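Text of run28.pdb, listed as PDB, C-alpha atoms:
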MODEL        1
ATOM      1  CA  ARG A   1     -10.680  34.868  48.927
ATOM      2  CA  VAL A   2      -9.809  33.405  52.310
ATOM      3  CA  GLY A   3     -10.947  29.935  53.222
ATOM      4  CA  ARG A   4     -12.536  28.921  56.499
ATOM      5  CA  SER A   5      -9.130  27.971  57.925
ATOM      6  CA  GLY A   6      -7.771  31.422  57.166
ATOM      7  CA  GLY A   7      -5.535  30.261  54.261
ATOM      8  CA  THR A   8      -5.744  30.910  50.577
ATOM      9  CA  SER A   9      -8.240  28.690  48.721
ATOM     10  CA  ASN A  10      -6.948  25.867  46.542
ATOM     11  CA  CYS A  11      -8.271  27.504  43.374
ATOM     12  CA  GLU A  12      -6.278  30.658  43.880
ATOM     13  CA  SER A  13      -3.129  28.867  45.103
ATOM     14  CA  GLN A  14      -2.819  26.801  41.930
ATOM     15  CA  ARG A  15      -0.907  28.123  38.924
ATOM     16  CA  PRO A  16      -3.332  29.408  36.289
ATOM     17  CA  CYS A  17      -3.680  27.341  33.109
ATOM     18  CA  ALA A  18      -1.920  28.584  30.016
ATOM     19  CA  ALA A  19      -4.181  30.422  27.641
ATOM     20  CA  PRO A  20      -4.826  28.760  24.253
ATOM     21  CA  PRO A  21      -2.695  30.108  21.409
ATOM     22  CA  PRO A  22      -4.242  32.900  19.381
ATOM     23  CA  PRO A  23      -5.784  31.960  16.009
ATOM     24  CA  ALA A  24      -2.864  33.511  14.133
ATOM     25  CA  ALA A  25      -0.334  31.290  15.952
ATOM     26  CA  ALA A  26      -2.444  28.193  15.294
ATOM     27  CA  ALA A  27      -2.598  29.053  11.608
ATOM     28  CA  ARG A  28       1.186  29.447  11.451
ATOM     29  CA  ALA A  29       1.664  26.062  13.120
ATOM     30  CA  ALA A  30      -0.683  24.410  10.629
ATOM     31  CA  SER A  31       1.168  25.995   7.716
ATOM     32  CA  THR A  32       4.398  24.314   8.798
ATOM     33  CA  ALA A  33       2.916  20.825   8.304
ATOM     34  CA  ASP A  34       4.133  18.991   5.221
ATOM     35  CA  PRO A  35       1.253  19.079   2.714
ATOM     36  CA  ALA A  36       2.964  16.413   0.603
ATOM     37  CA  ALA A  37       3.128  13.877   3.436
ATOM     38  CA  PRO A  38       1.249  10.746   2.340
ATOM     39  CA  SER A  39      -1.781   9.646   4.345
ATOM     40  CA  HIS A  40      -0.997   5.991   3.649
ATOM     41  CA  PHE A  41       1.994   3.730   3.099
ATOM     42  CA  VAL A  42       1.805   0.802   0.688
ATOM     43  CA  PHE A  43       3.966  -2.293   1.096
ATOM     44  CA  TRP A  44       4.461  -5.611  -0.625
ATOM     45  CA  VAL A  45       4.615  -8.107   2.215
ATOM     46  CA  CYS A  46       5.677 -11.751   2.105
ATOM     47  CA  GLY A  47       3.581 -14.090   4.234
ATOM     48  CA  ALA A  48       6.226 -16.826   4.036
ATOM     49  CA  CYS A  49       8.851 -14.448   5.460
ATOM     50  CA  GLU A  50       6.457 -13.441   8.237
ATOM     51  CA  MET A  51       5.916 -17.074   9.214
ATOM     52  CA  ARG A  52       9.662 -17.706   9.166
ATOM     53  CA  ASN A  53      10.321 -14.661  11.330
ATOM     54  CA  LEU A  54       7.524 -15.648  13.691
ATOM     55  CA  GLY A  55       9.017 -19.095  14.149
ATOM     56  CA  SER A  56      12.474 -17.691  14.867
ATOM     57  CA  SER A  57      11.263 -14.960  17.233
ATOM     58  CA  PRO A  58      12.441 -15.581  20.843
ATOM     59  CA  SER A  59       9.204 -14.179  22.256
ATOM     60  CA  GLY A  60       6.979 -15.794  19.669
ATOM     61  CA  GLY A  61       5.063 -12.551  19.383
ATOM     62  CA  SER A  62       2.563 -12.304  16.558
ATOM     63  CA  THR A  63       2.393  -8.508  16.309
ATOM     64  CA  ALA A  64       5.969  -7.823  15.211
ATOM     65  CA  ARG A  65       6.352  -6.716  11.601
ATOM     66  CA  GLY A  66       9.382  -7.616   9.597
ATOM     67  CA  ALA A  67      10.830  -5.637   6.735
ATOM     68  CA  PRO A  68       8.528  -5.658   3.684
ATOM     69  CA  CYS A  69       9.848  -6.768   0.321
ATOM     70  CA  ALA A  70       8.957  -3.443  -1.301
ATOM     71  CA  ARG A  71       7.525  -0.053  -0.453
ATOM     72  CA  ALA A  72       5.524   1.743  -3.115
ATOM     73  CA  LYS A  73       6.455   5.285  -4.116
ATOM     74  CA  PRO A  74       4.056   7.806  -5.708
ATOM     75  CA  SER A  75       5.433   6.777  -9.108
ATOM     76  CA  THR A  76       5.075   3.022  -8.462
ATOM     77  CA  LEU A  77       2.633   1.469 -10.909
ATOM     78  CA  CYS A  78      -0.407  -0.428  -9.745
ATOM     79  CA  PHE A  79      -1.622  -3.682 -11.331
ATOM     80  CA  CYS A  80      -3.968  -1.487 -13.384
ATOM     81  CA  GLY A  81      -1.003   0.370 -14.892
ATOM     82  CA  HIS A  82      -1.549   3.706 -13.147
ATOM     83  CA  PRO A  83       0.776   5.166 -10.475
ATOM     84  CA  LEU A  84       0.064   5.229  -6.773
ATOM     85  CA  SER A  85      -0.262   9.013  -6.981
ATOM     86  CA  GLU A  86      -3.486   8.555  -8.974
ATOM     87  CA  HIS A  87      -5.044   6.436  -6.237
ATOM     88  CA  SER A  88      -6.891   8.026  -3.329
ATOM     89  CA  SER A  89      -8.279   6.763  -0.036
ATOM     90  CA  VAL A  90     -11.986   6.098   0.382
ATOM     91  CA  ALA A  91     -13.693   7.534   3.467
ATOM     92  CA  GLY A  92     -10.559   7.354   5.598
ATOM     93  CA  SER A  93     -10.182   3.597   5.061
ATOM     94  CA  THR A  94      -7.179   1.701   3.717
ATOM     95  CA  THR A  95      -8.846   1.383   0.317
ATOM     96  CA  LEU A  96      -6.887   3.251  -2.360
ATOM     97  CA  ARG A  97      -9.123   3.447  -5.425
ATOM     98  CA  CYS A  98      -7.775   4.488  -8.804
ATOM     99  CA  GLY A  99      -8.957   7.899  -9.930
ATOM    100  CA  HIS A 100      -7.827   7.591 -13.549
ATOM    101  CA  SER A 101     -10.708   8.256 -15.921
ATOM    102  CA  GLY A 102     -12.365   5.014 -17.001
ATOM    103  CA  CYS A 103     -10.265   2.753 -14.753
ATOM    104  CA  LEU A 104     -12.222   0.184 -12.728
ATOM    105  CA  CYS A 105      -9.371  -0.609 -10.305
ATOM    106  CA  PRO A 106     -10.939  -0.815  -6.818
ATOM    107  CA  GLN A 107      -7.702  -0.999  -4.841
ATOM    108  CA  PHE A 108      -3.997  -0.343  -5.383
ATOM    109  CA  LEU A 109      -2.252  -3.654  -6.008
ATOM    110  CA  TYR A 110       1.533  -3.803  -6.116
ATOM    111  CA  ILE A 111       3.032  -5.548  -9.139
ATOM    112  CA  PRO A 112       6.766  -6.304  -9.430
ATOM    113  CA  PRO A 113       8.318  -4.310 -12.309
ATOM    114  CA  GLY A 114       8.294  -6.369 -15.504
ATOM    115  CA  ALA A 115       6.159  -9.173 -14.057
ATOM    116  CA  LEU A 116       4.265 -11.271 -16.594
ATOM    117  CA  CYS A 117       1.468 -13.748 -16.089
ATOM    118  CA  THR A 118       2.065 -17.398 -16.898
ATOM    119  CA  CYS A 119      -0.165 -16.823 -19.933
ATOM    120  CA  GLY A 120       2.548 -14.522 -21.277
ATOM    121  CA  HIS A 121       0.641 -11.250 -20.882
ATOM    122  CA  ALA A 122       1.243  -8.246 -18.636
ATOM    123  CA  SER A 123      -0.969  -7.126 -15.770
ATOM    124  CA  THR A 124      -2.357  -4.336 -17.933
ATOM    125  CA  ASP A 125      -3.663  -7.008 -20.341
ATOM    126  CA  HIS A 126      -5.770  -8.382 -17.491
ATOM    127  CA  SER A 127      -8.901  -6.982 -15.899
ATOM    128  CA  ALA A 128      -8.218  -4.421 -13.178
ATOM    129  CA  ARG A 129     -10.941  -6.054 -11.086
ATOM    130  CA  PRO A 130     -10.540  -9.344  -9.203
ATOM    131  CA  PHE A 131      -9.969 -12.067 -10.262
ATOM    132  CA  HIS A 132      -8.060 -10.319 -13.045
ATOM    133  CA  ALA A 133      -8.949 -12.509 -16.018
ATOM    134  CA  CYS A 134      -6.880 -11.927 -19.149
ATOM    135  CA  GLU A 135      -8.588  -9.697 -21.716
ATOM    136  CA  VAL A 136      -6.380 -10.562 -24.690
ATOM    137  CA  ALA A 137      -8.500 -12.038 -27.473
ATOM    138  CA  GLY A 138      -8.220 -15.812 -27.562
ATOM    139  CA  CYS A 139      -6.536 -16.127 -24.155
ATOM    140  CA  ASN A 140      -8.324 -18.401 -21.699
ATOM    141  CA  CYS A 141      -6.370 -17.236 -18.629
ATOM    142  CA  GLN A 142      -8.818 -16.806 -15.753
ATOM    143  CA  THR A 143      -6.506 -15.120 -13.249
ATOM    144  CA  PHE A 144      -3.111 -13.435 -13.111
ATOM    145  CA  HIS A 145      -0.285 -15.557 -11.737
ATOM    146  CA  HIS A 146       3.375 -14.602 -11.922
ATOM    147  CA  ALA A 147       5.910 -17.455 -11.842
ATOM    148  CA  GLY A 148       8.972 -15.353 -10.961
ATOM    149  CA  LEU A 149      10.593 -15.097  -7.567
ATOM    150  CA  CYS A 150      10.881 -12.057  -5.331
ATOM    151  CA  ALA A 151      14.245 -10.946  -3.972
ATOM    152  CA  CYS A 152      13.254 -12.752  -0.751
ATOM    153  CA  SER A 153      13.273 -16.028  -2.795
ATOM    154  CA  HIS A 154       9.524 -16.614  -2.370
ATOM    155  CA  GLY A 155       6.915 -16.648  -5.120
ATOM    156  CA  TRP A 156       4.163 -14.253  -6.133
ATOM    157  CA  ALA A 157       1.437 -16.236  -4.363
ATOM    158  CA  CYS A 158       3.207 -15.768  -1.004
ATOM    159  CA  HIS A 159       2.882 -11.975  -1.182
ATOM    160  CA  ARG A 160       0.137  -9.471  -0.552
ATOM    161  CA  THR A 161      -0.284  -5.730  -0.923
ATOM    162  CA  GLU A 162      -0.713  -4.070   2.459
ATOM    163  CA  VAL A 163      -1.936  -0.500   2.946
ATOM    164  CA  ARG A 164      -1.190   1.097   6.304
ATOM    165  CA  LYS A 165      -2.381   4.438   7.605
ATOM    166  CA  ARG A 166       0.248   7.058   8.280
ATOM    167  CA  ASP A 167      -0.703   7.319  11.968
ATOM    168  CA  ASP A 168       0.104   3.639  12.493
ATOM    169  CA  SER A 169       3.254   3.536  14.656
ATOM    170  CA  ASN A 170       4.499   0.509  12.687
ATOM    171  CA  SER A 171       3.448   1.789   9.277
ATOM    172  CA  ALA A 172       6.852   2.674   7.866
ATOM    173  CA  PRO A 173       9.431  -0.073   8.312
ATOM    174  CA  ARG A 174      12.417  -0.018   6.012
ATOM    175  CA  ALA A 175      12.118  -2.173   2.926
ATOM    176  CA  ARG A 176      14.670  -4.830   2.063
ATOM    177  CA  ARG A 177      17.749  -3.604   0.188
ATOM    178  CA  ALA A 178      16.971  -0.056   1.265
ATOM    179  CA  SER A 179      20.625   0.842   0.726
ATOM    180  CA  THR A 180      20.143   0.539  -3.044
ATOM    181  CA  GLY A 181      18.048   3.687  -3.027
ATOM    182  CA  SER A 182      15.136   1.982  -4.772
ATOM    183  CA  SER A 183      11.809   1.122  -3.192
ATOM    184  CA  ASP A 184      10.812  -1.222  -5.997
ATOM    185  CA  VAL A 185      12.897  -4.081  -4.721
ATOM    186  CA  GLY A 186      10.381  -6.833  -5.253
ATOM    187  CA  ALA A 187      11.336  -7.359  -8.878
ATOM    188  CA  PRO A 188      11.114 -10.890 -10.259
ATOM    189  CA  SER A 189      14.240 -12.948 -10.564
ATOM    190  CA  PRO A 190      15.773 -13.285 -14.055
ATOM    191  CA  SER A 191      15.118 -17.040 -14.072
ATOM    192  CA  PRO A 192      11.563 -17.895 -12.942
ATOM    193  CA  ARG A 193      11.100 -21.249 -11.302
ATOM    194  CA  ASN A 194       9.555 -23.646 -13.780
ATOM    195  CA  SER A 195       8.196 -26.121 -11.302
ATOM    196  CA  SER A 196       4.741 -27.493 -11.935
ATOM    197  CA  PRO A 197       2.128 -25.279 -10.232
ATOM    198  CA  ASP A 198       0.246 -26.715  -7.319
ATOM    199  CA  THR A 199      -2.975 -25.632  -5.722
ATOM    200  CA  ALA A 200      -1.300 -23.174  -3.354
ATOM    201  CA  SER A 201       0.698 -21.464  -6.072
ATOM    202  CA  GLN A 202      -2.451 -20.893  -8.105
ATOM    203  CA  THR A 203      -4.155 -19.052  -5.258
ATOM    204  CA  ARG A 204      -5.054 -15.588  -6.467
ATOM    205  CA  GLN A 205      -3.401 -12.713  -4.680
ATOM    206  CA  ARG A 206      -6.074 -10.300  -3.588
ATOM    207  CA  PRO A 207      -5.664  -6.691  -2.484
ATOM    208  CA  ALA A 208      -5.164  -6.257   1.244
TER     209      ALA A 208
ENDMDL
END
Starting from the file, lay out its structure as structure tokens.
Amino acid sequence: RVGRSGGTSNCESQRPCAAPPPPAAAARAASTADPAAPSHFVFWVCGACEMRNLGSSPSGGSTARGAPCARAKPSTLCFCGHPLSEHSSVAGSTTLRCGHSGCLCPQFLYIPPGALCTCGHASTDHSARPFHACEVAGCNCQTFHHAGLCACSHGWACHRTEVRKRDDSNSAPRARRASTGSSDVGAPSPSPRNSSPDTASQTRQRPA
């Protein structure tokens, strides 16, 4: 078609758009995606370390994320005693509910390997639901509190479990001591601090 000025119209002078790929090609592309890729990443994050890093940051930015103390693997056990692989997301949120039959755990909660409550009982001896009261007969413990120290030198009460979606650009930072080849690096120190607990240290850690 010739325009009023005698030249070719803009529509015909432009390069035609590429046709969409045929269904077969789209199917092949989808098949190359990694079906085992996790939809979420779970970290054990220290609030005390974040505050320290924030104070030492030249820009003072509040959105920067430091290295977490631990990154959960599919085999990492939750507070309820079941692995991360048995937890699934709820309606696309960051809630990872336990799917083990009979378990009431509402959210994956990281627990350092071997951590015990100050009452002397393990996390699996406590309720899987907040505030995690001890269920051992005769024990009056109302909430789980671990007195050991993380590898970052901060206590249990300073940490939180953080679930990040896979499409978050900052969702997969490297955990501390990544060179050891283990993601469970938030293990308690061999010698827990025996200082008298104060109000802050008794604050219950809740799922993120």
6 Å contact set for stretch 132-146 of chain A, all atoms listed in the file, chain neighbours under 2 positions out, as a PyMOL selection string: chain A and resi 116-118+125-130+148+156
Just C-alpha atoms for this one: save the residues we selected as an mmCIF file, keeping the file's coordinate frame.
data_model
loop_
_atom_site.group_PDB
_atom_site.id
_atom_site.type_symbol
_atom_site.label_atom_id
_atom_site.label_comp_id
_atom_site.auth_asym_id
_atom_site.auth_seq_id
_atom_site.Cartn_x
_atom_site.Cartn_y
_atom_site.Cartn_z
ATOM 1 C CA LEU A 116 4.265 -11.271 -16.594
ATOM 2 C CA CYS A 117 1.468 -13.748 -16.089
ATOM 3 C CA THR A 118 2.065 -17.398 -16.898
ATOM 4 C CA ASP A 125 -3.663 -7.008 -20.341
ATOM 5 C CA HIS A 126 -5.770 -8.382 -17.491
ATOM 6 C CA SER A 127 -8.901 -6.982 -15.899
ATOM 7 C CA ALA A 128 -8.218 -4.421 -13.178
ATOM 8 C CA ARG A 129 -10.941 -6.054 -11.086
ATOM 9 C CA PRO A 130 -10.540 -9.344 -9.203
ATOM 10 C CA GLY A 148 8.972 -15.353 -10.961
ATOM 11 C CA TRP A 156 4.163 -14.253 -6.133
#
Please evaluate the PyMOL selection byres ((chain A and resi 74) around 10) against the structure above and give the resulting residues as a list in words.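 Those residues are Pro38, Phe41, Val42, Ala72, Lys73, Ser75, Thr76, Leu77, Pro83, Leu84, Ser85, Glu86 and His87 of chain A.
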When distances are computed from all atoms listed in the file, which of A:Met51, A:Gly155, A:Ser39, A:Pro112 shows the smallest separation from A:Val90? A:Ser39
Given the PyMOL selection byres ((chain A and resi 92-105) around 8) and the file above, list the residues it selects as a list in words.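 Here the PyMOL selection byres ((chain A and resi 92-105) around 8) matches His40, Cys80, His82, Glu86, His87, Ser88, Ser89, Val90, Ala91, Pro106, Gln107, Phe108, Ala128, Arg129, Val163, Arg164 and Lys165 of chain A.
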Could you check how far atom CA of A:Ala67 sits from atom CA of A:Thr124, in Å to one decimal? 28.0 Å
I'd like the box whose edges run along x, y and z of the file and which contains every listed atom of stretch 164-168 of chain A, padded by 4 Å per side; could you state its centre and edge lengths in Å, one decimal, as JSON?
{"center_x": -1.1, "center_y": 4.2, "center_z": 9.4, "size_x": 10.6, "size_y": 14.2, "size_z": 14.2}
Pull out every residue that the PyMOL selection byres ((chain A and resi 158) around 6) matches in the shown coordinates and put them as an MDAnalysis selection string. chainID A and resid 46:48 155:157 159
Output for the residues just chosen: C-alpha atoms as a PDB file, in the frame of the given file:
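What follows is the written file part-v5.pdb:
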ATOM      1  CA  CYS A  46       5.677 -11.751   2.105  1.00  0.00           C
ATOM      2  CA  GLY A  47       3.581 -14.090   4.234  1.00  0.00           C
ATOM      3  CA  ALA A  48       6.226 -16.826   4.036  1.00  0.00           C
ATOM      4  CA  GLY A 155       6.915 -16.648  -5.120  1.00  0.00           C
ATOM      5  CA  TRP A 156       4.163 -14.253  -6.133  1.00  0.00           C
ATOM      6  CA  ALA A 157       1.437 -16.236  -4.363  1.00  0.00           C
ATOM      7  CA  HIS A 159       2.882 -11.975  -1.182  1.00  0.00           C
TER       8      HIS A 159
END
Atomic separation - atom CA of A:Asp167 relative to atom CA of A:Cys69, Å: 21.1 Å
Measure the distance from atom CA of A:Glu162 to atom CA of A:Arg52 in Å and round it to one decimal.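 According to the coordinates, atom CA of A:Glu162 and atom CA of A:Arg52 are separated by 18.4 Å.
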Nearest-residue call for A:Ile111, choices A:Leu149, A:Phe131, A:Cys49, A:Trp44, using all atoms listed in the file: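 The closest residue to A:Ile111 is A:Trp44.
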